[in-house]
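What follows is the content of upload_14.cif, which has mmCIF, C-alpha atoms:
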```
data_coords
loop_
_atom_site.label_atom_id
_atom_site.label_comp_id
_atom_site.auth_asym_id
_atom_site.auth_seq_id
_atom_site.Cartn_x
_atom_site.Cartn_y
_atom_site.Cartn_z
CA MET A 202 -62.34 144.62 -69.82
CA SER A 203 -62.84 142.48 -66.77
CA ASN A 204 -59.78 140.32 -67.20
CA SER A 205 -57.83 142.15 -64.50
CA LYS A 206 -55.37 139.91 -62.73
CA ILE A 207 -55.85 139.37 -59.01
CA CYS A 208 -53.10 138.49 -56.55
CA PRO A 209 -54.05 135.04 -55.18
CA GLU A 210 -52.39 135.85 -51.84
CA CYS A 211 -54.00 139.18 -50.93
CA GLY A 212 -56.65 139.89 -53.54
CA HIS A 213 -54.86 142.99 -54.84
CA VAL A 214 -56.24 143.84 -58.29
CA PHE A 215 -53.79 144.70 -61.04
CA ARG A 216 -55.64 147.35 -63.01
CA GLY A 217 -53.02 147.82 -65.67
CA ASN A 218 -52.13 145.54 -68.50
CA GLY A 219 -52.27 141.89 -67.40
CA TRP A 220 -49.83 141.12 -64.63
CA ASP A 221 -47.96 144.48 -64.91
CA GLY A 222 -46.59 145.32 -61.47
CA ILE A 223 -46.76 141.80 -60.02
CA ASP A 224 -42.97 141.71 -59.75
CA ALA A 225 -42.66 144.63 -57.29
CA HIS A 226 -45.91 143.71 -55.52
CA TRP A 227 -44.86 140.12 -54.88
CA ARG A 228 -41.32 140.94 -53.84
CA SER A 229 -42.50 143.51 -51.29
CA LYS A 230 -45.46 141.57 -49.88
CA HIS A 231 -45.25 137.84 -50.47
CA GLU A 232 -41.58 137.01 -50.98
CA ASP A 233 -41.59 135.16 -47.65
CA ILE A 234 -44.36 132.79 -48.81
CA MET A 235 -42.60 131.89 -52.05
CA PRO A 236 -39.72 133.59 -53.86
CA TYR A 237 -40.96 135.56 -56.87
CA GLU A 238 -38.83 133.53 -59.27
CA LYS A 239 -40.69 130.39 -58.22
CA ALA A 240 -44.11 132.03 -57.94
CA TRP A 241 -44.17 133.78 -61.32
CA PRO A 242 -44.30 130.69 -63.57
CA LEU A 243 -47.20 129.41 -61.47
CA LEU A 244 -49.01 132.76 -61.45
CA LYS A 245 -48.81 133.33 -65.18
CA ASP A 246 -50.13 129.82 -65.91
CA ASP A 247 -52.91 130.24 -63.33
CA LYS A 248 -51.53 127.32 -61.32
CA TYR A 249 -50.50 129.11 -58.13
CA GLN A 250 -53.63 128.27 -56.12
CA ALA A 251 -53.57 124.63 -57.22
CA HIS A 252 -49.91 124.48 -56.28
CA MET A 253 -50.56 125.91 -52.82
CA ASP A 254 -53.52 123.55 -52.29
CA ASP A 255 -51.36 120.74 -53.71
CA THR A 256 -54.19 119.62 -55.98
CA LEU A 257 -53.72 117.11 -58.74
CA ILE A 258 -54.59 118.50 -62.16
CA ILE A 259 -55.34 116.08 -64.98
CA ALA A 260 -56.38 117.51 -68.35
CA GLY A 261 -57.51 120.72 -66.65
CA ARG A 262 -59.62 118.96 -64.00
CA GLU A 263 -58.60 119.52 -60.38
CA PHE A 264 -58.60 116.78 -57.76
CA SER A 265 -57.79 117.21 -54.09
CA SER A 266 -57.34 113.44 -53.73
CA ARG A 267 -54.35 111.78 -55.36
CA LEU A 268 -55.88 108.33 -55.04
CA ILE A 269 -57.88 106.76 -57.86
CA ILE A 270 -59.61 103.46 -57.19
CA GLY A 271 -61.03 100.72 -59.36
CA THR A 272 -64.55 99.30 -59.13
CA GLY A 273 -63.79 95.67 -59.95
CA LYS A 274 -63.61 92.56 -57.77
CA TYR A 275 -65.78 93.89 -54.91
CA LYS A 276 -68.34 91.50 -53.48
CA THR A 277 -71.11 94.04 -54.04
CA TYR A 278 -71.47 97.53 -55.44
CA GLN A 279 -72.43 98.65 -51.93
CA GLN A 280 -69.09 97.41 -50.58
CA ASN A 281 -67.45 99.28 -53.42
CA ALA A 282 -69.30 102.49 -52.59
CA ASP A 283 -68.34 102.19 -48.91
CA ALA A 284 -64.68 101.72 -49.84
CA LEU A 285 -64.86 104.71 -52.16
CA ALA A 286 -66.19 106.91 -49.36
CA ALA A 287 -63.45 105.70 -46.99
CA SER A 288 -60.73 106.23 -49.60
CA GLY A 289 -61.61 109.86 -50.29
CA ALA A 290 -60.98 109.19 -53.99
CA GLN A 291 -62.72 111.46 -56.49
CA MET A 292 -62.21 109.31 -59.55
CA VAL A 293 -62.99 105.64 -60.23
CA THR A 294 -62.11 103.43 -63.14
CA VAL A 295 -65.02 101.59 -64.75
CA ALA A 296 -65.28 98.96 -67.45
CA VAL A 297 -67.45 99.09 -70.56
CA ARG A 298 -69.48 95.91 -71.14
CA ARG A 299 -72.61 94.62 -72.83
CA VAL A 300 -75.79 95.25 -70.82
CA ASN A 301 -77.42 92.22 -69.26
CA LEU A 302 -80.46 91.64 -71.49
CA THR A 303 -81.77 88.70 -69.53
CA ASN A 304 -81.98 90.65 -66.28
CA PRO A 305 -82.44 94.38 -66.90
CA ASP A 306 -83.23 94.83 -63.21
CA GLU A 307 -79.80 93.77 -61.97
CA PRO A 308 -78.06 96.45 -59.85
CA LEU A 309 -76.19 99.12 -61.82
CA LEU A 310 -72.90 100.69 -60.77
CA VAL A 311 -74.40 104.14 -61.34
CA ASP A 312 -77.02 103.44 -58.67
CA PHE A 313 -74.25 103.10 -56.07
CA ILE A 314 -71.54 105.46 -57.29
CA ASP A 315 -73.00 108.66 -58.69
CA PRO A 316 -71.13 109.80 -61.82
CA LYS A 317 -72.16 113.38 -61.02
CA LYS A 318 -70.17 113.25 -57.77
CA THR A 319 -67.34 110.89 -58.72
CA VAL A 320 -65.49 111.13 -62.01
CA TYR A 321 -65.91 107.94 -64.03
CA LEU A 322 -62.79 106.93 -65.90
CA PRO A 323 -63.84 104.33 -68.48
CA ASN A 324 -61.10 101.84 -69.26
CA THR A 325 -60.33 99.57 -72.18
CA ALA A 326 -59.62 96.49 -70.07
CA GLY A 327 -59.94 93.39 -72.19
CA CYS A 328 -58.95 95.16 -75.42
CA PHE A 329 -56.02 93.65 -77.25
CA THR A 330 -55.82 95.96 -80.28
CA GLY A 331 -55.90 99.71 -80.81
CA GLU A 332 -59.13 99.38 -82.81
CA ASP A 333 -60.87 97.52 -79.96
CA ALA A 334 -59.80 100.25 -77.54
CA VAL A 335 -61.03 103.06 -79.75
CA ARG A 336 -64.36 101.33 -80.38
CA THR A 337 -64.87 100.73 -76.66
CA LEU A 338 -64.07 104.28 -75.60
CA ARG A 339 -66.22 105.85 -78.33
CA LEU A 340 -69.14 103.88 -76.89
CA ALA A 341 -68.14 104.95 -73.37
CA ARG A 342 -68.12 108.58 -74.49
CA GLU A 343 -71.62 108.22 -75.93
CA ALA A 344 -72.90 106.49 -72.79
CA GLY A 345 -71.35 108.84 -70.29
CA GLY A 346 -70.65 112.01 -72.21
CA TRP A 347 -67.08 112.46 -71.00
CA ASP A 348 -63.77 112.30 -72.82
CA LEU A 349 -61.29 111.55 -70.00
CA VAL A 350 -60.43 107.89 -70.43
CA LYS A 351 -57.99 105.21 -69.33
CA LEU A 352 -56.28 103.42 -72.18
CA GLU A 353 -54.92 99.97 -71.52
CA VAL A 354 -54.04 97.59 -74.30
CA LEU A 355 -52.97 94.31 -72.76
CA SER A 356 -51.05 91.41 -74.16
CA ASP A 357 -50.60 88.04 -72.48
CA PRO A 358 -53.26 87.19 -69.82
CA LYS A 359 -50.52 85.58 -67.72
CA HIS A 360 -48.78 88.86 -66.90
CA LEU A 361 -51.22 91.45 -68.34
CA TYR A 362 -48.28 93.55 -69.44
CA PRO A 363 -49.28 96.38 -71.75
CA ASP A 364 -48.64 95.86 -75.45
CA MET A 365 -46.77 99.12 -75.91
CA GLU A 366 -46.77 99.08 -79.71
CA GLU A 367 -50.57 98.83 -79.77
CA THR A 368 -50.86 101.25 -76.84
CA LEU A 369 -48.95 103.93 -78.76
CA ARG A 370 -51.08 103.36 -81.87
CA ALA A 371 -54.33 103.48 -79.88
CA ALA A 372 -53.24 106.61 -77.99
CA LYS A 373 -52.63 108.37 -81.31
CA LEU A 374 -56.07 107.36 -82.62
CA LEU A 375 -57.84 108.43 -79.42
CA ILE A 376 -56.10 111.79 -79.13
CA ALA A 377 -56.94 112.52 -82.78
CA ASP A 378 -60.56 111.72 -81.87
CA GLY A 379 -60.60 114.29 -79.06
CA PHE A 380 -60.09 112.04 -76.04
CA GLU A 381 -58.01 112.97 -72.99
CA VAL A 382 -55.97 109.84 -72.54
CA MET A 383 -54.60 108.56 -69.24
CA VAL A 384 -52.44 105.72 -70.35
CA TYR A 385 -51.49 102.49 -68.60
CA CYS A 386 -47.97 101.66 -69.68
CA SER A 387 -44.83 99.71 -68.91
CA ASP A 388 -42.31 101.33 -66.58
CA ASP A 389 -40.02 102.04 -69.54
CA PRO A 390 -38.97 105.73 -69.62
CA VAL A 391 -38.52 105.58 -73.42
CA PHE A 392 -42.13 104.55 -74.08
CA ALA A 393 -43.33 106.93 -71.35
CA ARG A 394 -41.66 109.79 -73.21
CA LYS A 395 -43.24 108.74 -76.50
CA LEU A 396 -46.69 108.68 -74.92
CA GLU A 397 -46.18 112.10 -73.39
CA ASP A 398 -44.99 113.46 -76.74
CA LEU A 399 -48.19 112.13 -78.35
CA GLY A 400 -50.18 114.29 -75.91
CA CYS A 401 -51.39 111.84 -73.26
CA ALA A 402 -52.98 113.54 -70.23
CA ALA A 403 -51.32 111.25 -67.67
CA ILE A 404 -48.64 108.59 -67.79
CA MET A 405 -49.55 105.55 -65.69
CA PRO A 406 -46.75 103.02 -65.39
CA LEU A 407 -47.30 99.74 -63.62
CA GLY A 408 -45.61 99.15 -60.27
CA ALA A 409 -46.02 95.38 -60.67
CA PRO A 410 -48.34 93.13 -62.71
CA ILE A 411 -52.07 93.96 -62.45
CA GLY A 412 -53.67 92.33 -59.44
CA SER A 413 -50.37 90.93 -58.13
CA GLY A 414 -50.00 93.19 -55.09
CA LEU A 415 -46.22 92.86 -55.30
CA GLY A 416 -45.48 96.55 -54.76
CA ILE A 417 -43.17 98.84 -56.71
CA GLN A 418 -40.79 96.42 -58.40
CA ASN A 419 -38.67 98.94 -60.23
CA PRO A 420 -38.40 102.18 -58.24
CA VAL A 421 -35.51 103.40 -60.38
CA ASN A 422 -37.64 103.39 -63.55
CA ILE A 423 -40.59 105.01 -61.80
CA ARG A 424 -38.30 107.78 -60.56
CA LEU A 425 -36.78 108.26 -64.03
CA ILE A 426 -40.29 108.57 -65.51
CA VAL A 427 -41.32 111.04 -62.78
CA GLU A 428 -38.25 113.20 -63.41
CA GLN A 429 -38.71 113.45 -67.16
CA THR A 430 -42.50 113.86 -67.34
CA SER A 431 -44.39 117.13 -67.20
CA VAL A 432 -47.93 115.66 -67.14
CA PRO A 433 -49.07 113.71 -64.05
CA VAL A 434 -47.43 110.33 -63.42
CA ILE A 435 -49.71 107.86 -61.67
CA VAL A 436 -48.61 104.40 -60.60
CA ASP A 437 -51.28 102.08 -61.91
CA ALA A 438 -51.28 98.45 -60.78
CA GLY A 439 -49.12 96.48 -58.41
CA VAL A 440 -49.87 98.15 -55.09
CA GLY A 441 -50.56 95.53 -52.41
CA THR A 442 -50.69 97.45 -49.17
CA ALA A 443 -50.39 100.94 -47.75
CA SER A 444 -46.59 101.10 -47.72
CA ASP A 445 -46.52 100.37 -51.47
CA ALA A 446 -48.71 103.39 -52.11
CA ALA A 447 -46.53 105.53 -49.85
CA ILE A 448 -43.40 104.39 -51.71
CA ALA A 449 -44.94 105.36 -55.05
CA MET A 450 -45.76 108.82 -53.70
CA GLU A 451 -42.34 109.23 -52.07
CA LEU A 452 -40.79 108.60 -55.47
CA GLY A 453 -42.59 111.72 -56.63
CA CYS A 454 -45.56 110.20 -58.41
CA ASP A 455 -48.56 112.51 -58.69
CA GLY A 456 -51.03 109.81 -57.71
CA VAL A 457 -51.74 106.12 -57.34
CA LEU A 458 -54.43 104.00 -58.99
CA MET A 459 -55.39 100.74 -57.35
CA ASN A 460 -58.18 98.18 -57.35
CA THR A 461 -57.31 94.74 -55.97
CA ALA A 462 -55.36 96.02 -52.94
CA ILE A 463 -58.61 97.44 -51.58
CA ALA A 464 -61.18 95.07 -53.08
CA GLU A 465 -59.41 91.91 -51.92
CA ALA A 466 -58.36 93.15 -48.48
CA LYS A 467 -60.17 91.34 -45.67
CA ASP A 468 -61.78 94.64 -44.75
CA PRO A 469 -61.93 96.75 -47.93
CA THR A 470 -63.32 99.84 -46.19
CA LEU A 471 -60.52 99.90 -43.63
CA MET A 472 -57.89 99.30 -46.31
CA ALA A 473 -59.40 102.12 -48.38
CA ARG A 474 -58.94 104.45 -45.45
CA ALA A 475 -55.37 103.20 -44.95
CA MET A 476 -54.66 103.95 -48.62
CA GLN A 477 -55.99 107.49 -48.23
CA HIS A 478 -53.52 108.04 -45.38
CA ALA A 479 -50.66 106.31 -47.21
CA VAL A 480 -51.04 108.43 -50.32
CA LYS A 481 -51.16 111.61 -48.24
CA ALA A 482 -48.22 110.55 -46.07
CA GLY A 483 -46.13 109.61 -49.10
CA ARG A 484 -46.97 112.88 -50.82
CA GLN A 485 -46.02 114.94 -47.78
CA ALA A 486 -42.79 113.01 -47.30
CA TYR A 487 -41.92 113.67 -50.94
CA LEU A 488 -42.63 117.39 -50.58
CA ALA A 489 -40.74 117.52 -47.29
CA GLY A 490 -37.64 116.00 -48.87
CA ARG A 491 -36.18 113.00 -47.10
CA MET A 492 -32.88 113.09 -45.19
CA PRO A 493 -29.83 111.80 -47.01
CA ARG A 494 -28.99 108.14 -46.54
CA LYS A 495 -25.80 107.69 -44.50
CA LYS A 496 -23.51 104.71 -44.21
CA TYR A 497 -23.05 104.95 -40.44
CA ALA A 498 -24.90 106.01 -37.32
CA ASP A 499 -25.22 109.66 -36.35
CA PRO A 500 -26.40 110.23 -32.74
CA SER A 501 -29.54 112.30 -32.29
CA SER A 502 -28.46 113.57 -28.85
CA PRO A 503 -25.45 115.90 -28.80
CA LEU A 504 -22.20 114.39 -27.51
CA ALA A 505 -20.99 117.75 -26.16
CA GLY A 506 -21.68 118.45 -22.45
CA LEU A 507 -21.72 114.78 -21.44
CA ILE A 508 -21.30 114.35 -17.70
CA MET B 104 -87.76 91.15 -88.09
CA GLN B 105 -84.61 89.65 -86.66
CA LEU B 106 -81.78 91.49 -84.90
CA ILE B 107 -78.49 90.36 -83.41
CA ILE B 108 -78.15 92.11 -80.06
CA ASN B 109 -75.01 91.66 -77.99
CA GLY B 110 -74.15 88.56 -79.95
CA GLU B 111 -77.55 86.88 -79.58
CA THR B 112 -80.25 86.48 -82.19
CA HIS B 113 -83.59 88.08 -81.33
CA ALA B 114 -86.23 86.87 -83.76
CA ASP B 115 -89.88 87.89 -84.17
CA LEU B 116 -89.38 91.56 -83.35
CA LYS B 117 -91.87 94.08 -84.68
CA ALA B 118 -90.84 95.60 -87.99
CA ASN B 119 -89.88 99.29 -88.22
CA MET B 120 -88.88 99.61 -84.57
CA SER B 121 -86.77 102.61 -83.71
CA VAL B 122 -83.83 102.32 -81.32
CA PHE B 123 -86.05 104.03 -78.75
CA ASP B 124 -88.76 101.37 -79.25
CA LEU B 125 -86.23 98.57 -78.92
CA LEU B 126 -84.80 99.92 -75.66
CA ALA B 127 -88.33 100.16 -74.26
CA HIS B 128 -89.08 96.63 -75.48
CA LEU B 129 -85.94 95.35 -73.72
CA SER B 130 -86.77 97.43 -70.57
CA LEU B 131 -83.34 99.07 -70.68
CA PRO B 132 -82.67 102.38 -68.95
CA LYS B 133 -81.66 104.99 -71.51
CA ALA B 134 -79.29 106.71 -69.12
CA LYS B 135 -75.70 105.46 -69.10
CA ILE B 136 -75.97 103.12 -72.01
CA ALA B 137 -74.73 103.43 -75.57
CA VAL B 138 -75.90 101.71 -78.73
CA GLU B 139 -73.79 100.68 -81.67
CA ARG B 140 -75.60 99.65 -84.86
CA ASN B 141 -73.59 97.81 -87.51
CA LYS B 142 -70.37 99.19 -85.97
CA GLU B 143 -71.67 102.79 -86.02
CA ILE B 144 -72.59 104.59 -82.79
CA VAL B 145 -76.22 105.75 -82.64
CA PRO B 146 -76.23 109.14 -80.87
CA LYS B 147 -78.72 109.37 -78.01
CA SER B 148 -80.36 112.28 -79.80
CA SER B 149 -81.43 110.06 -82.69
CA TYR B 150 -82.81 107.04 -80.81
CA ALA B 151 -86.33 107.97 -81.83
CA THR B 152 -85.54 108.55 -85.49
CA VAL B 153 -83.19 105.66 -86.31
CA VAL B 154 -85.38 102.82 -87.62
CA LEU B 155 -83.86 99.35 -87.32
CA GLN B 156 -83.64 97.03 -90.30
CA ASP B 157 -83.93 93.25 -90.44
CA GLY B 158 -80.50 91.71 -89.80
CA ASP B 159 -78.98 94.72 -88.00
CA VAL B 160 -76.19 93.90 -85.57
CA LEU B 161 -76.46 95.88 -82.33
CA GLU B 162 -74.20 96.26 -79.34
CA ILE B 163 -75.67 97.87 -76.22
CA ILE B 164 -73.17 98.69 -73.50
CA THR B 165 -73.09 100.17 -70.04
CA PHE B 166 -70.56 100.76 -67.26
CA ILE B 167 -69.75 98.00 -64.82
CA GLY B 168 -67.13 97.62 -62.13
CA GLY B 169 -63.59 97.40 -63.43
CA GLY B 170 -60.01 98.28 -62.63
#
```
Mind turning this structure into structure tokens?
Amino acid sequence: MSNSKICPECGHVFRGNGWDGIDAHWRSKHEDIMPYEKAWPLLKDDKYQAHMDDTLIIAGREFSSRLIIGTGKYKTYQQNADALAASGAQMVTVAVRRVNLTNPDEPLLVDFIDPKKTVYLPNTAGCFTGEDAVRTLRLAREAGGWDLVKLEVLSDPKHLYPDMEETLRAAKLLIADGFEVMVYCSDDPVFARKLEDLGCAAIMPLGAPIGSGLGIQNPVNIRLIVEQTSVPVIVDAGVGTASDAAIAMELGCDGVLMNTAIAEAKDPTLMARAMQHAVKAGRQAYLAGRMPRKKYADPSSPLAGLI
Amino acid sequence: MQLIINGETHADLKANMSVFDLLAHLSLPKAKIAVERNKEIVPKSSYATVVLQDGDVLEIITFIGGG
């Protein structure tokens, strides 16, 4: 049997049965890195290394970047590719559309953003029923060969709010068909819970209407969703500038998905880089744990010993 | 024969074309596209063997930029 467990901190091999002996080993050698009580649940689920690297895991796939960017609204695919490189993102959303039969030589997204290097997340943008969404993503799966998808079932073009009744129905159909569903949803904790219970791979509430750039409009709901959800929570839509992304991450979100904030910035490449920093800064601030808010001032220099 | 491809009528096509023949005729790259025939997906592995019939409705899709 070669399924011996290996200590991720020191490489010690446990030759007995599974993790037998990890308790004493950890407490004597690595207790200072992380208390055993906290480390054990991570070790037994094989998530310790990912936790220490602070990687984002969606449906078993690991990402070191917590930023996902869209590929719409750029002036050219080249501009899009440059922004992607500057953002450090490892996943992009893409749309599924009819091929251009009148000009088969027109540039293809795949010629600029290599699906072997960047994870393509096909979306269902433009679908207004569960059946449309399922049909679209089945085609996407055949074209690309992957089953990680972004479900969005929209309603009124004026606000592009998700139709949650159809979204739930479509999620059920897709999961039954073997898809890993990252789902765009309202910032309603009740629907978010229902989607998680169905088996969605990530819950992606909007921060503000798609393309509005208004920032996180309802931080209380986003925080409630973060607290109750055990799969990744990714704010999808509404980010306008770097501070919006940082706020989403400070609320404890696992990632941020954005398109227009980068594509419609005056300098998309520079904004993409700013977003990379904002997501990292927000994540680190969340992990660091912010100071409590106080009602009054509290001097930073000691008052004792004043001359 | 006549086919409806992506919502448009294409008349005067050779009879007994396979999906593979049609994609070549349309100069479409086979990578990163998918074909739906009368609402059923045609797997890439059977492009050469699926023979199109007069009146078939086809959708041919690819990935484009999107949010």
Can you check which parts of chain A lie within 9 Å of chain B? Per residue, the shortest pair of atoms and distance in Å to one decimal, counting all atoms listed in the file, sorted by chain and number, as a tab-separated table.
```
residue	atom	partner	partner_atom	distance
A:Ile270	CA	B:Gly170	CA	7.5
A:Gly271	CA	B:Gly170	CA	4.2
A:Thr272	CA	B:Gly168	CA	4.3
A:Gly273	CA	B:Gly169	CA	3.9
A:Lys274	CA	B:Gly169	CA	7.4
A:Tyr275	CA	B:Gly168	CA	8.2
A:Tyr278	CA	B:Gly168	CA	8.0
A:Asn281	CA	B:Gly168	CA	8.9
A:Val293	CA	B:Gly170	CA	8.3
A:Thr294	CA	B:Gly170	CA	5.6
A:Val295	CA	B:Gly169	CA	4.6
A:Ala296	CA	B:Gly169	CA	4.6
A:Val297	CA	B:Phe166	CA	4.8
A:Arg298	CA	B:Ile164	CA	5.2
A:Arg299	CA	B:Ile164	CA	4.2
A:Val300	CA	B:Ile164	CA	5.1
A:Asn301	CA	B:Ile164	CA	8.8
A:Leu302	CA	B:Leu129	CA	7.0
A:Thr303	CA	B:Leu129	CA	8.9
A:Pro305	CA	B:Leu131	CA	6.1
A:Asp306	CA	B:Ser130	CA	8.6
A:Leu309	CA	B:Ile167	CA	7.2
A:Leu310	CA	B:Ile167	CA	5.8
A:Val311	CA	B:Phe166	CA	7.8
A:Pro323	CA	B:Phe166	CA	7.7
A:Asn324	CA	B:Gly170	CA	7.6
A:Ala326	CA	B:Gly170	CA	7.7
A:Arg336	CA	B:Lys142	CA	8.5
A:Arg339	CA	B:Ile144	CA	7.9
A:Leu340	CA	B:Ala137	CA	5.8
A:Ala341	CA	B:Ala137	CA	7.1
A:Arg342	CA	B:Ala137	CA	8.4
A:Glu343	CA	B:Ala137	CA	5.7
A:Ala344	CA	B:Ala137	CA	4.5
A:Gly345	CA	B:Lys135	CA	5.6
A:Gly346	CA	B:Lys135	CA	8.8
A:Ala438	CA	B:Gly170	CA	8.9
A:Leu458	CA	B:Gly170	CA	8.8
A:Met459	CA	B:Gly170	CA	7.4
A:Asn460	CA	B:Gly170	CA	5.6
A:Thr461	CA	B:Gly170	CA	8.0
```
Inset, instruction - Might you spell out which residues the PyMOL selection byres ((chain A and resi 351-365) around 7) would select in the displayed file, as an MDAnalysis selection string? - result: chainID A and resid 322:326 328:330 350 366:369 382:387 410:411
Extract, using all atoms listed in the file, all DNA, RNA and protein residues at most 6 Å from stretch 119-122 of chain B, discarding same-chain residues fewer than 5 positions from it, and format them as a PDB file with C-alpha atoms, in the frame of the given file.
```pdb
ATOM      1  CA  TYR B 150     -82.810 107.040 -80.810  1.00  0.00           C
ATOM      2  CA  ALA B 151     -86.330 107.970 -81.830  1.00  0.00           C
ATOM      3  CA  VAL B 153     -83.190 105.660 -86.310  1.00  0.00           C
ATOM      4  CA  VAL B 154     -85.380 102.820 -87.620  1.00  0.00           C
ATOM      5  CA  LEU B 155     -83.860  99.350 -87.320  1.00  0.00           C
TER       6      LEU B 155
END
```
Please list as a PDB file with C-alpha atoms, keeping the file's coordinate frame every residue within 8 Å of stretch 474-488 of chain A, counting all atoms listed in the file and excluding residues in the same chain fewer than 2 positions away.
```
ATOM      1  CA  ARG A 267     -54.350 111.780 -55.360  1.00  0.00           C
ATOM      2  CA  LEU A 268     -55.880 108.330 -55.040  1.00  0.00           C
ATOM      3  CA  ALA A 284     -64.680 101.720 -49.840  1.00  0.00           C
ATOM      4  CA  ALA A 287     -63.450 105.700 -46.990  1.00  0.00           C
ATOM      5  CA  SER A 288     -60.730 106.230 -49.600  1.00  0.00           C
ATOM      6  CA  GLY A 289     -61.610 109.860 -50.290  1.00  0.00           C
ATOM      7  CA  ALA A 290     -60.980 109.190 -53.990  1.00  0.00           C
ATOM      8  CA  THR A 442     -50.690  97.450 -49.170  1.00  0.00           C
ATOM      9  CA  ALA A 443     -50.390 100.940 -47.750  1.00  0.00           C
ATOM     10  CA  SER A 444     -46.590 101.100 -47.720  1.00  0.00           C
ATOM     11  CA  ALA A 446     -48.710 103.390 -52.110  1.00  0.00           C
ATOM     12  CA  ALA A 447     -46.530 105.530 -49.850  1.00  0.00           C
ATOM     13  CA  ILE A 448     -43.400 104.390 -51.710  1.00  0.00           C
ATOM     14  CA  ALA A 449     -44.940 105.360 -55.050  1.00  0.00           C
ATOM     15  CA  MET A 450     -45.760 108.820 -53.700  1.00  0.00           C
ATOM     16  CA  GLU A 451     -42.340 109.230 -52.070  1.00  0.00           C
ATOM     17  CA  LEU A 452     -40.790 108.600 -55.470  1.00  0.00           C
ATOM     18  CA  GLY A 453     -42.590 111.720 -56.630  1.00  0.00           C
ATOM     19  CA  GLY A 456     -51.030 109.810 -57.710  1.00  0.00           C
ATOM     20  CA  VAL A 457     -51.740 106.120 -57.340  1.00  0.00           C
ATOM     21  CA  THR A 470     -63.320  99.840 -46.190  1.00  0.00           C
ATOM     22  CA  LEU A 471     -60.520  99.900 -43.630  1.00  0.00           C
ATOM     23  CA  MET A 472     -57.890  99.300 -46.310  1.00  0.00           C
ATOM     24  CA  GLY A 490     -37.640 116.000 -48.870  1.00  0.00           C
ATOM     25  CA  ARG A 491     -36.180 113.000 -47.100  1.00  0.00           C
TER      26      ARG A 491
END
```
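Here atom CA of A:Ile417 and atom CA of A:Asp388 stand 10.2 Å from one another.
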Inset, instruction - Would you work out the distance separating atom CA of A:Glu238 from atom CA of A:Ala225, expressed in Å to one decimal? - result: 11.9 Å
Inset, instruction - Could you expand the PyMOL selection byres ((chain B and resi 160) around 6) into the explicit residues it covers here, written as a PyMOL selection string? - result: chain B and resi 107+140-141+159+161
Inset, instruction - Would you kindly translate the PyMOL selection byres ((chain A and resi 211) around 12) into the concrete residues it picks from this file, as a list in words? - result: Lys206, Ile207, Cys208, Pro209, Glu210, Gly212, His213, Val214, Phe215, Ile223, His226, Trp227, Lys230, His231 and Ile234 of chain A
Inset, instruction - Select, counting all atoms listed in the file, all protein, DNA and RNA residues no farther than 12 Å from (-54.4, 117.3, -57.9) in file coordinates, and express the selection as number ranges by chain. - result: A: 248, 250-269, 290-292, 403, 432-435, 454-457, 481, 484
Resulting file, chosen residues, C-alpha atoms, as a compact mmCIF listing (two decimals), keeping the file's coordinate frame:
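And here's result07.txt as it stands now:
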```txt
# COMPACT_ATOMS: atom_id res chain seq x y z
CA LYS A 248 -51.53 127.32 -61.32
CA GLN A 250 -53.63 128.27 -56.12
CA ALA A 251 -53.57 124.63 -57.22
CA HIS A 252 -49.91 124.48 -56.28
CA MET A 253 -50.56 125.91 -52.82
CA ASP A 254 -53.52 123.55 -52.29
CA ASP A 255 -51.36 120.74 -53.71
CA THR A 256 -54.19 119.62 -55.98
CA LEU A 257 -53.72 117.11 -58.74
CA ILE A 258 -54.59 118.50 -62.16
CA ILE A 259 -55.34 116.08 -64.98
CA ALA A 260 -56.38 117.51 -68.35
CA GLY A 261 -57.51 120.72 -66.65
CA ARG A 262 -59.62 118.96 -64.00
CA GLU A 263 -58.60 119.52 -60.38
CA PHE A 264 -58.60 116.78 -57.76
CA SER A 265 -57.79 117.21 -54.09
CA SER A 266 -57.34 113.44 -53.73
CA ARG A 267 -54.35 111.78 -55.36
CA LEU A 268 -55.88 108.33 -55.04
CA ILE A 269 -57.88 106.76 -57.86
CA ALA A 290 -60.98 109.19 -53.99
CA GLN A 291 -62.72 111.46 -56.49
CA MET A 292 -62.21 109.31 -59.55
CA ALA A 403 -51.32 111.25 -67.67
CA VAL A 432 -47.93 115.66 -67.14
CA PRO A 433 -49.07 113.71 -64.05
CA VAL A 434 -47.43 110.33 -63.42
CA ILE A 435 -49.71 107.86 -61.67
CA CYS A 454 -45.56 110.20 -58.41
CA ASP A 455 -48.56 112.51 -58.69
CA GLY A 456 -51.03 109.81 -57.71
CA VAL A 457 -51.74 106.12 -57.34
CA LYS A 481 -51.16 111.61 -48.24
CA ARG A 484 -46.97 112.88 -50.82
```
Inset, instruction - Record the distance separating atom CA of A:Ala409 and atom CA of A:Ala372, expressed in Å with one decimal. - result: 21.9 Å
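Here the residues that fall within 9 Å of (-85.9, 90.7, -88.6), using all atoms listed in the file, are given as Met104, Gln105, Leu106, His113, Ala114, Asp115, Leu116, Lys117, Ala118, Leu155, Gln156, Asp157, Gly158 and Asp159 of chain B.
Proximity ranking of A:Asp224, A:Glu465, A:Leu415, A:Leu285 relative to A:Asp445 places A:Leu415 first, based on only C-alpha atoms.
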Legend entry - Residues near A:Ile426, cut-off 10 Å, only C-alpha atoms, skip fewer than 6 positions along chain, as a VMD selection string: chain A and resid 388 to 394 404 to 406 420 434 453 to 454
Legend entry - Minimum-distance residue to A:Phe313, chosen among A:Leu243, A:Leu399, A:Val427, A:Ala286 (using only C-alpha atoms):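 Of A:Leu243, A:Leu399, A:Val427, A:Ala286, the one nearest A:Phe313 is A:Ala286, counting only C-alpha atoms.
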